[in-house]
>>> print(open('coords-v6.cif').read())   # mmCIF, C-alpha atoms
data_protein
loop_
_atom_site.label_atom_id
_atom_site.label_comp_id
_atom_site.auth_asym_id
_atom_site.auth_seq_id
_atom_site.Cartn_x
_atom_site.Cartn_y
_atom_site.Cartn_z
CA MET A 1 -96.81 5.63 -67.12
CA THR A 2 -98.25 4.41 -63.88
CA ASN A 3 -97.99 6.76 -60.98
CA ARG A 4 -96.25 4.58 -58.44
CA ARG A 5 -97.61 6.49 -55.46
CA ASP A 6 -101.17 6.05 -56.70
CA PHE A 7 -100.45 2.40 -57.06
CA LEU A 8 -99.23 2.09 -53.50
CA LYS A 9 -102.33 3.75 -52.16
CA LEU A 10 -104.83 1.73 -54.10
CA ALA A 11 -103.51 -1.78 -54.17
CA GLY A 12 -104.99 -3.72 -51.33
CA LEU A 13 -104.03 -7.35 -51.54
CA GLY A 14 -101.56 -9.65 -53.17
CA GLY A 15 -98.15 -9.29 -54.66
CA VAL A 16 -97.59 -6.51 -57.12
CA VAL A 17 -94.69 -6.30 -59.48
CA PHE A 18 -93.80 -3.07 -61.13
CA ALA A 19 -91.36 -3.33 -63.99
CA SER A 20 -89.84 -0.25 -65.52
CA GLY A 21 -86.96 0.77 -67.68
CA LEU A 22 -87.30 -2.28 -69.87
CA SER A 23 -86.14 -0.36 -72.92
CA ARG A 24 -82.63 -0.72 -71.57
CA PHE A 25 -82.59 -4.35 -72.59
CA ALA A 26 -81.37 -4.47 -76.16
CA ILE A 27 -81.55 -7.18 -78.75
CA GLY A 28 -78.74 -9.65 -78.33
CA ALA A 29 -75.70 -9.16 -80.50
CA ASP A 30 -76.23 -12.58 -82.03
CA GLY A 31 -79.72 -11.64 -83.14
CA LYS A 32 -81.39 -14.20 -80.93
CA HIS A 33 -84.61 -13.45 -79.17
CA ALA A 34 -84.14 -10.82 -76.55
CA SER A 35 -85.95 -7.79 -75.35
CA GLY A 36 -85.50 -4.48 -77.08
CA ALA A 37 -87.27 -3.05 -80.04
CA MET A 38 -90.75 -3.16 -78.59
CA ALA A 39 -89.72 -2.66 -74.98
CA GLU A 40 -91.73 -0.18 -72.96
CA ASP A 41 -92.66 0.32 -69.36
CA PHE A 42 -95.40 -1.79 -67.88
CA TYR A 43 -96.28 -3.64 -64.76
CA PHE A 44 -98.07 -6.79 -63.88
CA VAL A 45 -99.71 -8.09 -60.74
CA GLN A 46 -98.77 -11.34 -59.04
CA LEU A 47 -101.31 -12.98 -56.76
CA SER A 48 -100.59 -16.25 -55.05
CA ASP A 49 -101.96 -18.97 -52.83
CA THR A 50 -105.58 -17.93 -52.77
CA HIS A 51 -106.67 -21.42 -51.61
CA TRP A 52 -110.27 -20.96 -52.68
CA GLY A 53 -112.37 -23.48 -50.75
CA PHE A 54 -110.35 -23.24 -47.55
CA SER A 55 -112.30 -22.73 -44.37
CA GLY A 56 -111.01 -22.53 -40.84
CA PRO A 57 -109.89 -20.27 -38.04
CA PRO A 58 -106.73 -19.03 -39.82
CA ASN A 59 -108.99 -16.97 -42.06
CA PRO A 60 -112.60 -16.41 -41.01
CA GLU A 61 -112.92 -14.11 -44.04
CA ALA A 62 -111.91 -16.83 -46.48
CA LYS A 63 -115.01 -16.44 -48.59
CA SER A 64 -114.38 -12.76 -49.16
CA THR A 65 -110.59 -12.47 -49.35
CA LEU A 66 -110.23 -13.42 -53.01
CA LYS A 67 -113.08 -11.12 -53.95
CA LYS A 68 -111.39 -8.28 -52.06
CA ALA A 69 -108.20 -8.98 -53.99
CA VAL A 70 -110.04 -8.79 -57.28
CA ALA A 71 -111.65 -5.51 -56.22
CA ALA A 72 -108.27 -4.14 -55.15
CA VAL A 73 -106.71 -4.91 -58.51
CA ASN A 74 -109.71 -3.43 -60.29
CA SER A 75 -109.31 -0.25 -58.28
CA LEU A 76 -105.81 0.45 -59.56
CA ALA A 77 -105.71 3.77 -61.34
CA THR A 78 -103.71 2.30 -64.15
CA GLN A 79 -104.50 -1.30 -64.85
CA PRO A 80 -101.66 -3.79 -65.11
CA ASP A 81 -100.85 -5.35 -68.45
CA PHE A 82 -101.60 -8.74 -67.01
CA VAL A 83 -102.25 -10.62 -63.80
CA ILE A 84 -100.71 -13.93 -62.85
CA PHE A 85 -101.76 -16.34 -60.12
CA THR A 86 -98.78 -18.39 -59.00
CA GLY A 87 -100.47 -21.51 -57.76
CA ASP A 88 -102.70 -22.93 -55.05
CA LEU A 89 -105.64 -21.23 -56.65
CA THR A 90 -107.80 -23.66 -54.70
CA HIS A 91 -107.46 -25.57 -51.47
CA THR A 92 -107.04 -29.27 -52.04
CA THR A 93 -109.73 -31.89 -51.66
CA ASP A 94 -109.78 -35.64 -52.18
CA ASP A 95 -113.11 -35.35 -54.01
CA PRO A 96 -112.59 -34.79 -57.78
CA LYS A 97 -116.04 -33.29 -58.11
CA GLU A 98 -115.44 -30.83 -55.32
CA ARG A 99 -112.02 -29.97 -56.81
CA ARG A 100 -113.68 -29.00 -60.09
CA LYS A 101 -116.33 -27.04 -58.23
CA ARG A 102 -113.65 -25.01 -56.47
CA LEU A 103 -111.72 -24.44 -59.70
CA ALA A 104 -114.92 -23.27 -61.41
CA GLU A 105 -115.77 -20.90 -58.58
CA PHE A 106 -112.26 -19.50 -58.60
CA ARG A 107 -112.44 -19.00 -62.36
CA ASP A 108 -115.76 -17.19 -62.05
CA ILE A 109 -114.53 -14.86 -59.31
CA VAL A 110 -111.36 -13.83 -61.14
CA ALA A 111 -113.41 -13.32 -64.30
CA GLU A 112 -114.45 -10.09 -62.60
CA LEU A 113 -110.97 -8.68 -63.10
CA LYS A 114 -110.96 -5.74 -65.46
CA VAL A 115 -107.71 -7.02 -66.86
CA LYS A 116 -108.48 -9.75 -69.32
CA GLN A 117 -104.92 -10.95 -69.71
CA VAL A 118 -104.88 -13.35 -66.76
CA ARG A 119 -102.41 -16.19 -66.46
CA TYR A 120 -102.23 -19.11 -64.11
CA ILE A 121 -99.94 -21.82 -62.86
CA PRO A 122 -100.94 -24.62 -60.51
CA GLY A 123 -99.90 -25.28 -56.94
CA GLU A 124 -99.77 -28.65 -55.26
CA HIS A 125 -103.23 -28.07 -53.80
CA ASP A 126 -104.63 -27.71 -57.33
CA ALA A 127 -102.73 -30.40 -59.14
CA SER A 128 -100.80 -32.92 -57.06
CA LEU A 129 -103.59 -35.37 -56.29
CA ASP A 130 -104.64 -35.89 -59.92
CA LYS A 131 -101.43 -34.88 -61.70
CA GLY A 132 -103.03 -31.68 -62.92
CA GLU A 133 -105.97 -33.28 -64.71
CA ALA A 134 -108.75 -31.07 -63.32
CA TYR A 135 -106.57 -27.96 -63.38
CA GLN A 136 -105.87 -28.40 -67.08
CA GLU A 137 -109.57 -28.69 -67.82
CA PHE A 138 -110.01 -25.14 -66.56
CA PHE A 139 -106.71 -23.39 -67.16
CA GLY A 140 -104.82 -25.29 -69.82
CA ASN A 141 -101.18 -26.21 -69.83
CA THR A 142 -99.35 -26.26 -66.53
CA HIS A 143 -96.15 -24.92 -68.06
CA TYR A 144 -95.74 -22.56 -70.98
CA THR A 145 -93.97 -19.43 -72.14
CA PHE A 146 -95.09 -16.08 -73.39
CA ASP A 147 -93.44 -12.84 -74.40
CA HIS A 148 -94.53 -9.41 -73.38
CA LYS A 149 -92.91 -6.10 -74.29
CA GLY A 150 -89.39 -7.41 -74.39
CA ILE A 151 -89.52 -9.89 -71.54
CA HIS A 152 -89.58 -13.64 -72.01
CA PHE A 153 -91.78 -15.26 -69.36
CA ILE A 154 -91.42 -18.93 -68.49
CA THR A 155 -93.79 -20.80 -66.22
CA LEU A 156 -92.61 -24.02 -64.63
CA ASP A 157 -94.78 -26.73 -63.12
CA ASN A 158 -93.20 -28.27 -60.03
CA VAL A 159 -96.43 -29.53 -58.49
CA SER A 160 -98.22 -31.90 -60.87
CA ASP A 161 -95.76 -34.51 -59.67
CA PRO A 162 -96.79 -34.97 -56.03
CA ALA A 163 -93.13 -35.49 -55.17
CA GLY A 164 -92.46 -31.87 -56.13
CA ARG A 165 -90.36 -32.54 -59.19
CA ILE A 166 -90.21 -30.64 -62.45
CA GLY A 167 -89.29 -33.82 -64.22
CA ASP A 168 -86.86 -34.64 -67.00
CA GLU A 169 -89.35 -34.05 -69.79
CA GLN A 170 -90.16 -30.51 -68.67
CA LEU A 171 -86.50 -29.79 -68.00
CA ALA A 172 -85.70 -30.80 -71.58
CA TRP A 173 -88.46 -28.46 -72.74
CA LEU A 174 -86.95 -25.66 -70.65
CA GLU A 175 -83.52 -26.30 -72.08
CA GLY A 176 -84.89 -26.12 -75.59
CA ASP A 177 -86.72 -22.89 -74.90
CA LEU A 178 -83.68 -21.24 -73.38
CA LYS A 179 -81.48 -22.16 -76.32
CA ALA A 180 -83.45 -19.73 -78.48
CA LEU A 181 -82.62 -16.83 -76.19
CA ALA A 182 -79.67 -14.47 -76.10
CA LYS A 183 -77.64 -14.69 -72.94
CA ASP A 184 -78.70 -11.13 -72.06
CA ALA A 185 -82.40 -11.70 -72.65
CA LYS A 186 -84.68 -10.45 -69.92
CA ILE A 187 -86.25 -13.58 -68.45
CA VAL A 188 -88.86 -13.94 -65.73
CA VAL A 189 -89.70 -17.36 -64.33
CA PHE A 190 -92.95 -18.07 -62.53
CA THR A 191 -93.25 -21.20 -60.47
CA HIS A 192 -95.04 -22.34 -57.33
CA ARG A 193 -92.49 -24.04 -55.13
CA PRO A 194 -89.09 -22.46 -54.55
CA LEU A 195 -86.51 -23.70 -57.04
CA PHE A 196 -83.91 -23.79 -54.28
CA ASP A 197 -83.84 -25.60 -50.93
CA LEU A 198 -85.46 -22.93 -48.82
CA TYR A 199 -86.45 -25.29 -46.03
CA PRO A 200 -86.93 -28.91 -47.06
CA GLN A 201 -87.90 -29.78 -43.50
CA TRP A 202 -91.23 -28.13 -44.37
CA ASP A 203 -91.26 -29.32 -47.96
CA TRP A 204 -90.24 -25.87 -49.15
CA ALA A 205 -88.15 -27.03 -52.05
CA THR A 206 -88.29 -28.55 -55.52
CA ARG A 207 -86.58 -31.90 -55.61
CA ASP A 208 -84.93 -31.26 -58.97
CA GLY A 209 -84.99 -27.47 -58.76
CA ALA A 210 -81.21 -27.34 -58.96
CA LYS A 211 -81.39 -28.76 -62.48
CA ALA A 212 -83.62 -25.88 -63.57
CA MET A 213 -81.27 -23.39 -61.94
CA ASP A 214 -78.32 -24.95 -63.75
CA LEU A 215 -80.10 -24.31 -67.03
CA LEU A 216 -80.92 -20.72 -66.09
CA MET A 217 -77.53 -19.76 -64.69
CA PRO A 218 -75.86 -18.91 -68.04
CA TYR A 219 -78.45 -16.17 -68.59
CA GLN A 220 -77.61 -12.77 -67.19
CA ASN A 221 -81.06 -11.33 -66.50
CA VAL A 222 -83.26 -13.90 -64.82
CA THR A 223 -85.70 -13.30 -61.99
CA VAL A 224 -87.89 -15.93 -60.34
CA PHE A 225 -91.25 -15.21 -58.73
CA TYR A 226 -92.97 -17.92 -56.78
CA GLY A 227 -95.48 -18.64 -53.99
CA HIS A 228 -96.03 -21.67 -51.76
CA ILE A 229 -94.50 -20.31 -48.55
CA HIS A 230 -97.20 -17.68 -47.84
CA GLN A 231 -94.82 -14.88 -47.00
CA GLU A 232 -92.39 -12.49 -48.54
CA HIS A 233 -88.95 -13.99 -48.98
CA HIS A 234 -85.93 -13.08 -51.05
CA HIS A 235 -83.01 -15.26 -51.98
CA MET A 236 -80.12 -15.19 -54.44
CA THR A 237 -78.76 -18.16 -56.34
CA GLY A 238 -75.65 -16.59 -57.74
CA HIS A 239 -76.92 -13.65 -59.78
CA ILE A 240 -80.52 -14.93 -59.94
CA PRO A 241 -82.99 -13.51 -57.42
CA HIS A 242 -86.02 -15.42 -56.15
CA HIS A 243 -88.97 -13.51 -54.72
CA ALA A 244 -91.76 -15.27 -52.82
CA ALA A 245 -95.19 -13.66 -52.68
CA LYS A 246 -97.52 -13.48 -49.75
CA SER A 247 -100.64 -15.59 -49.65
CA LEU A 248 -104.23 -14.46 -49.95
CA ILE A 249 -105.56 -16.89 -47.38
CA PHE A 250 -103.24 -17.07 -44.34
CA PRO A 251 -99.59 -16.37 -43.57
CA LEU A 252 -97.17 -19.12 -42.65
CA PRO A 253 -94.37 -18.78 -40.12
CA VAL A 254 -90.77 -18.03 -40.98
CA ALA A 255 -88.96 -21.23 -41.89
CA GLY A 256 -87.96 -23.16 -38.78
CA SER A 257 -89.32 -20.54 -36.39
CA GLN A 258 -91.76 -22.99 -34.82
CA PRO A 259 -92.01 -26.79 -34.69
CA LYS A 260 -94.76 -27.04 -37.29
CA ARG A 261 -95.59 -25.03 -40.38
CA ALA A 262 -99.05 -24.28 -39.04
CA PRO A 263 -100.70 -21.08 -40.27
CA LEU A 264 -100.20 -18.01 -38.16
CA PRO A 265 -103.40 -17.32 -36.20
CA TRP A 266 -105.93 -14.80 -37.43
CA ASP A 267 -105.71 -11.57 -35.47
CA ALA A 268 -109.21 -10.16 -35.06
CA ALA A 269 -107.72 -6.83 -34.01
CA GLN A 270 -105.79 -6.69 -37.26
CA PRO A 271 -107.79 -8.53 -39.93
CA PHE A 272 -105.77 -9.68 -42.94
CA LYS A 273 -102.52 -9.21 -41.05
CA GLY A 274 -99.80 -10.96 -42.99
CA LEU A 275 -101.81 -10.86 -46.21
CA GLY A 276 -100.49 -7.47 -47.22
CA PHE A 277 -99.22 -6.96 -50.68
CA ARG A 278 -95.74 -6.82 -52.03
CA GLU A 279 -94.73 -4.21 -54.50
CA VAL A 280 -91.59 -4.77 -56.48
CA GLU A 281 -90.28 -2.10 -58.76
CA ALA A 282 -87.68 -3.26 -61.22
CA ASP A 283 -84.92 -0.74 -61.66
CA VAL A 284 -83.21 -0.22 -64.97
CA LYS A 285 -80.32 -2.30 -63.75
CA PRO A 286 -80.95 -5.99 -64.28
CA ASN A 287 -82.19 -7.86 -61.24
CA LYS A 288 -82.33 -4.83 -59.00
CA PHE A 289 -85.63 -4.38 -57.22
CA ASP A 290 -87.04 -1.94 -54.74
CA ILE A 291 -89.57 -3.72 -52.60
CA LYS A 292 -92.18 -2.34 -50.25
CA GLU A 293 -94.68 -4.10 -48.05
CA LEU A 294 -98.09 -2.70 -47.17
CA THR A 295 -100.68 -4.04 -44.79
CA ILE A 296 -104.30 -4.47 -45.71
CA LYS A 297 -107.41 -3.14 -44.10
CA ALA A 298 -110.63 -4.94 -43.40
CA SER A 299 -112.76 -2.59 -45.43
CA MET B 1 -98.66 -61.11 -50.48
CA VAL B 2 -97.01 -57.92 -49.49
CA LYS B 3 -94.05 -57.10 -51.64
CA GLN B 4 -91.06 -56.40 -49.52
CA GLN B 5 -88.37 -54.10 -50.70
CA ARG B 6 -85.18 -53.45 -48.88
CA ASN B 7 -83.63 -50.11 -49.33
CA LEU B 8 -80.77 -50.41 -46.94
CA LEU B 9 -78.67 -47.48 -46.10
CA TRP B 10 -75.46 -47.32 -44.18
CA LEU B 11 -74.75 -43.99 -42.63
CA GLY B 12 -71.36 -44.24 -41.05
CA LEU B 13 -68.58 -42.63 -42.99
CA VAL B 14 -68.95 -39.30 -41.30
CA ALA B 15 -65.48 -37.97 -41.90
CA LEU B 16 -65.74 -38.15 -45.66
CA LEU B 17 -68.45 -35.52 -45.73
CA GLY B 18 -67.21 -33.16 -43.09
CA GLY B 19 -69.47 -34.31 -40.33
CA GLY B 20 -72.38 -35.24 -42.57
CA MET B 21 -73.45 -38.70 -43.49
CA ILE B 22 -72.90 -40.88 -46.48
CA GLY B 23 -74.90 -43.86 -47.58
CA ALA B 24 -74.18 -47.20 -49.17
CA TYR B 25 -76.48 -50.14 -49.63
CA VAL B 26 -75.78 -53.13 -47.41
CA PHE B 27 -77.86 -55.89 -45.92
CA ALA B 28 -79.11 -55.93 -42.36
CA THR B 29 -78.14 -58.58 -39.89
CA PRO B 30 -80.90 -60.53 -38.15
CA THR B 31 -80.04 -59.11 -34.75
CA GLU B 32 -80.53 -55.48 -35.57
CA GLN B 33 -83.44 -53.61 -34.08
CA VAL B 34 -86.35 -52.93 -36.39
CA ILE B 35 -88.46 -49.82 -35.84
CA LYS B 36 -91.78 -49.99 -37.64
CA ILE B 37 -93.13 -46.68 -38.89
CA ASN B 38 -96.64 -46.75 -40.23
CA SER B 39 -97.97 -43.83 -42.22
CA LYS B 40 -101.50 -42.78 -42.95
CA LYS B 41 -103.19 -39.51 -43.71
CA PHE B 42 -101.62 -37.36 -42.23
CA VAL B 43 -99.29 -38.79 -39.66
CA PHE B 44 -96.27 -41.00 -39.16
CA ILE B 45 -96.70 -43.43 -36.28
CA PRO B 46 -94.48 -42.98 -34.37
CA ASN B 47 -93.48 -39.44 -35.22
CA GLN B 48 -90.80 -39.28 -32.53
CA ILE B 49 -87.93 -41.70 -33.11
CA THR B 50 -84.91 -41.98 -30.87
CA LEU B 51 -81.76 -43.73 -32.04
CA LYS B 52 -78.49 -44.45 -30.28
CA LYS B 53 -75.33 -43.14 -31.84
CA GLY B 54 -73.35 -45.85 -33.56
CA THR B 55 -76.04 -48.52 -33.20
CA PRO B 56 -77.42 -49.85 -36.47
CA VAL B 57 -81.17 -49.94 -36.80
CA ILE B 58 -83.68 -50.81 -39.48
CA LEU B 59 -86.44 -48.28 -40.13
CA GLN B 60 -89.33 -50.17 -41.68
CA PHE B 61 -92.05 -48.19 -43.45
CA THR B 62 -95.59 -49.01 -44.47
CA SER B 63 -98.52 -46.92 -45.66
CA GLU B 64 -102.16 -47.60 -44.90
CA ASP B 65 -103.66 -45.48 -47.64
CA VAL B 66 -101.73 -43.37 -50.14
CA MET B 67 -98.15 -42.88 -51.27
CA MET B 68 -96.03 -40.88 -48.88
CA GLY B 69 -92.40 -39.88 -48.69
CA PHE B 70 -90.20 -40.10 -45.59
CA TYR B 71 -87.44 -37.52 -45.76
CA VAL B 72 -84.85 -36.33 -43.25
CA PRO B 73 -83.22 -33.45 -45.14
CA GLU B 74 -80.33 -32.91 -42.76
CA LEU B 75 -79.28 -36.53 -43.05
CA GLY B 76 -80.04 -36.99 -46.74
CA LEU B 77 -82.21 -39.92 -45.73
CA ARG B 78 -85.38 -40.63 -47.69
CA THR B 79 -87.62 -43.29 -49.13
CA ASP B 80 -90.95 -43.46 -50.84
CA VAL B 81 -93.59 -45.12 -48.69
CA ILE B 82 -95.97 -47.04 -50.92
CA PRO B 83 -99.20 -48.81 -49.95
CA GLY B 84 -98.82 -52.57 -50.21
CA GLN B 85 -95.05 -52.44 -49.87
CA VAL B 86 -92.59 -52.52 -47.00
CA ARG B 87 -89.64 -50.20 -47.38
CA GLU B 88 -86.60 -50.37 -45.16
CA LEU B 89 -83.73 -48.04 -44.42
CA ARG B 90 -80.73 -49.30 -42.48
CA VAL B 91 -79.28 -46.48 -40.47
CA VAL B 92 -76.10 -46.20 -38.44
CA PRO B 93 -76.46 -42.78 -36.81
CA GLU B 94 -73.18 -40.99 -36.29
CA LYS B 95 -74.30 -37.48 -35.54
CA ILE B 96 -76.00 -36.55 -32.28
CA GLY B 97 -78.93 -34.17 -32.50
CA ASN B 98 -82.55 -33.69 -33.44
CA PHE B 99 -83.41 -34.01 -37.10
CA ALA B 100 -86.82 -33.10 -38.46
CA PHE B 101 -88.44 -35.43 -40.94
CA VAL B 102 -91.30 -34.68 -43.27
CA CYS B 103 -93.60 -36.26 -45.79
CA ASP B 104 -92.29 -34.96 -49.11
CA VAL B 105 -94.98 -36.42 -51.34
CA PHE B 106 -98.14 -34.32 -51.34
CA CYS B 107 -100.89 -36.49 -49.92
CA GLY B 108 -103.86 -34.19 -49.34
CA SER B 109 -105.27 -31.57 -47.01
CA GLY B 110 -103.21 -32.16 -43.90
CA HIS B 111 -99.98 -33.01 -45.73
CA GLU B 112 -98.41 -29.93 -44.20
CA ASP B 113 -98.86 -31.40 -40.72
CA MET B 114 -97.18 -34.69 -41.54
CA ASN B 115 -93.78 -34.50 -39.92
CA GLY B 116 -91.79 -35.72 -36.94
CA MET B 117 -88.44 -35.76 -35.22
CA LEU B 118 -85.59 -38.24 -35.34
CA SER B 119 -83.31 -37.86 -32.33
CA VAL B 120 -79.83 -39.35 -32.05
CA VAL B 121 -78.46 -39.69 -28.52
CA GLU B 122 -75.29 -41.03 -26.89
#
>>> encode(input="coords-v6.cif", output="structure tokens")
Amino acid sequence: MTNRRDFLKLAGLGGVVFASGLSRFAIGADGKHASGAMAEDFYFVQLSDTHWGFSGPPNPEAKSTLKKAVAAVNSLATQPDFVIFTGDLTHTTDDPKERRKRLAEFRDIVAELKVKQVRYIPGEHDASLDKGEAYQEFFGNTHYTFDHKGIHFITLDNVSDPAGRIGDEQLAWLEGDLKALAKDAKIVVFTHRPLFDLYPQWDWATRDGAKAMDLLMPYQNVTVFYGHIHQEHHHMTGHIPHHAAKSLIFPLPVAGSQPKRAPLPWDAAQPFKGLGFREVEADVKPNKFDIKELTIKAS
Amino acid sequence: MVKQQRNLLWLGLVALLGGGMIGAYVFATPTEQVIKINSKKFVFIPNQITLKKGTPVILQFTSEDVMMGFYVPELGLRTDVIPGQVRELRVVPEKIGNFAFVCDVFCGSGHEDMNGMLSVVE
């Protein structure tokens, strides 16, 4: 089992999720898919909002930040079972050719990860201008499910529609997927935008996110991890927690704390300030997490 | 010829929503003030709009380049803004204050800067 203290010392960038005690989640009484028989401890790493291709004063180290993140994950004493990037892999561009160039460069950089189980979802910067066409050429479907050691993972695409909607078709797909699960199944949802109205004044919302939450609410053990807002944030919708990850390009201000959602300025005295990583350790009790924040160093 | 669409919103029945606003579609009268709001990457022009409480006004939207969305979350007021079309919202402001508006349709690098303020005064 991973030594948590080693993990804290070595991880340098990004959001890190540590899940433990999964064996507590038993197969549902009705025999439907749930966690259980194969459950064992593991952790995965969540990285978000890398915005490859961005350049500007908010991050003069933009060309090296993603590579540092990859190196930090590779330096973990015990490698995660998988890594997931929760959107805005690249910074947007109007030029389709340049978009593909950025996606290809991103793909090549993260290919250096020791972990070969790497998953992706798009952000609006990757997918909104062409409805996910280029993204899918490189990374496949924009929404999908997978199962790992007793947890059912669901990824939702709320960015390929530039209006920030999941859409009725995908919601129907979600409903169908959930029907196969026991009500006590351990479920993790990955998405880019928040599924709740965090701060619509800054477009921090999913227009039909409430419909997805309505479908998830009957399930007892659901946790949502997302990105988009470039900072740590925690919110409860009833019994369902939502955890936002920090960015790997620049931090954004707290919702409503300033007139515009402009990036927080780079602090030369404290490089990478605000890009520290989040560690979340899942306790054996459903939906209980211990969370710690660490800063990152320039070297 | 530019297709004109009227998406007329009446925002007056404050009491029914506990101080919020409620909308119903009605037609404007010829005498009402029209405020033209043009949008282009990545700005609304104007991005500061001042309205007088209780005075009906028509907000008229156009886009020079790509599809945008005009959204005032606190007032539940929104419309798509589509190139080649004119969209209108009829507003009767009943609540004094400053209400941020935003483009809620991702329109490119700079989308995050596309916002403004709608102010309602006595």
>>> residues_around(input="coords-v6.cif", residues="B:Leu77", least_positions_apart="2", cutoff="9 Å", atoms="only C-alpha atoms", output="PyMOL selection string")
chain B and resi 9+23+70-75+79+89+91
>>> resolve_selection(input="coords-v6.cif", expression="the PyMOL selection byres ((chain B and resi 107) around 12)", output="count of residues only")
40
>>> residues_around(input="coords-v6.cif", residues="A:Leu216", least_positions_apart="3", cutoff="9 Å", atoms="only C-alpha atoms", output="short mmCIF file (atom, residue, chain, number, x, y, z; two decimals) with C-alpha atoms, in the frame of the given file")
data_model
loop_
_atom_site.label_atom_id
_atom_site.label_comp_id
_atom_site.auth_asym_id
_atom_site.auth_seq_id
_atom_site.Cartn_x
_atom_site.Cartn_y
_atom_site.Cartn_z
CA GLU A 175 -83.52 -26.30 -72.08
CA LEU A 178 -83.68 -21.24 -73.38
CA LYS A 211 -81.39 -28.76 -62.48
CA ALA A 212 -83.62 -25.88 -63.57
CA MET A 213 -81.27 -23.39 -61.94
CA TYR A 219 -78.45 -16.17 -68.59
CA GLN A 220 -77.61 -12.77 -67.19
CA VAL A 222 -83.26 -13.90 -64.82
CA ILE A 240 -80.52 -14.93 -59.94
#
>>> residues_around(input="coords-v6.cif", residues="A:Glu232", least_positions_apart="5", cutoff="6 Å", atoms="only C-alpha atoms", output="PyMOL selection string")
chain A and resi 244-246
>>> resolve_selection(input="coords-v6.cif", expression="the PyMOL selection byres ((chain B and resi 116-121) around 6)", output="list in words")
Asn47, Gln48, Ile49, Thr50, Leu51, Lys52, Lys53, Ile96, Gly97, Asn98, Phe99, Ala100, Phe101, Asn115 and Glu122 of chain B
>>> closest_residue(input="coords-v6.cif", among="A:Glu61, A:Asp177, A:Asp203, A:Asp214", to="chain B", atoms="only C-alpha atoms")
A:Asp203
>>> resolve_selection(input="coords-v6.cif", expression="the PyMOL selection byres ((chain A and resi 74) around 10)", output="PyMOL selection string")
chain A and resi 10-11+68-73+75-80+112-115
>>> closest_residue(input="coords-v6.cif", among="A:Ala182, A:Ala205, A:Leu252, A:Ala268", to="A:Ile166", atoms="only C-alpha atoms")
A:Ala205
>>> atom_distance(input="coords-v6.cif", atom1="atom CA of A:Phe85", atom2="atom CA of A:Arg119")
6.4 Å
>>> residues_near_point(input="coords-v6.cif", point="(-90.1, -49.9, -34.9)", cutoff="8 Å", atoms="only C-alpha atoms", output="number ranges by chain")
B: 33-37, 58-60
>>> atom_distance(input="coords-v6.cif", atom1="atom CA of A:Leu248", atom2="atom CA of A:Asp88")
10.0 Å
>>> residues_around(input="coords-v6.cif", residues="A:Arg107", least_positions_apart="2", cutoff="12 Å", atoms="all atoms listed in the file", output="list in words")
Thr50, Trp52, Leu66, Lys67, Val70, Phe85, Leu89, Thr90, Arg100, Lys101, Arg102, Leu103, Ala104, Glu105, Ile109, Val110, Ala111, Glu112, Leu113, Val118, Arg119, Tyr120, Tyr135, Glu137, Phe138 and Phe139 of chain A
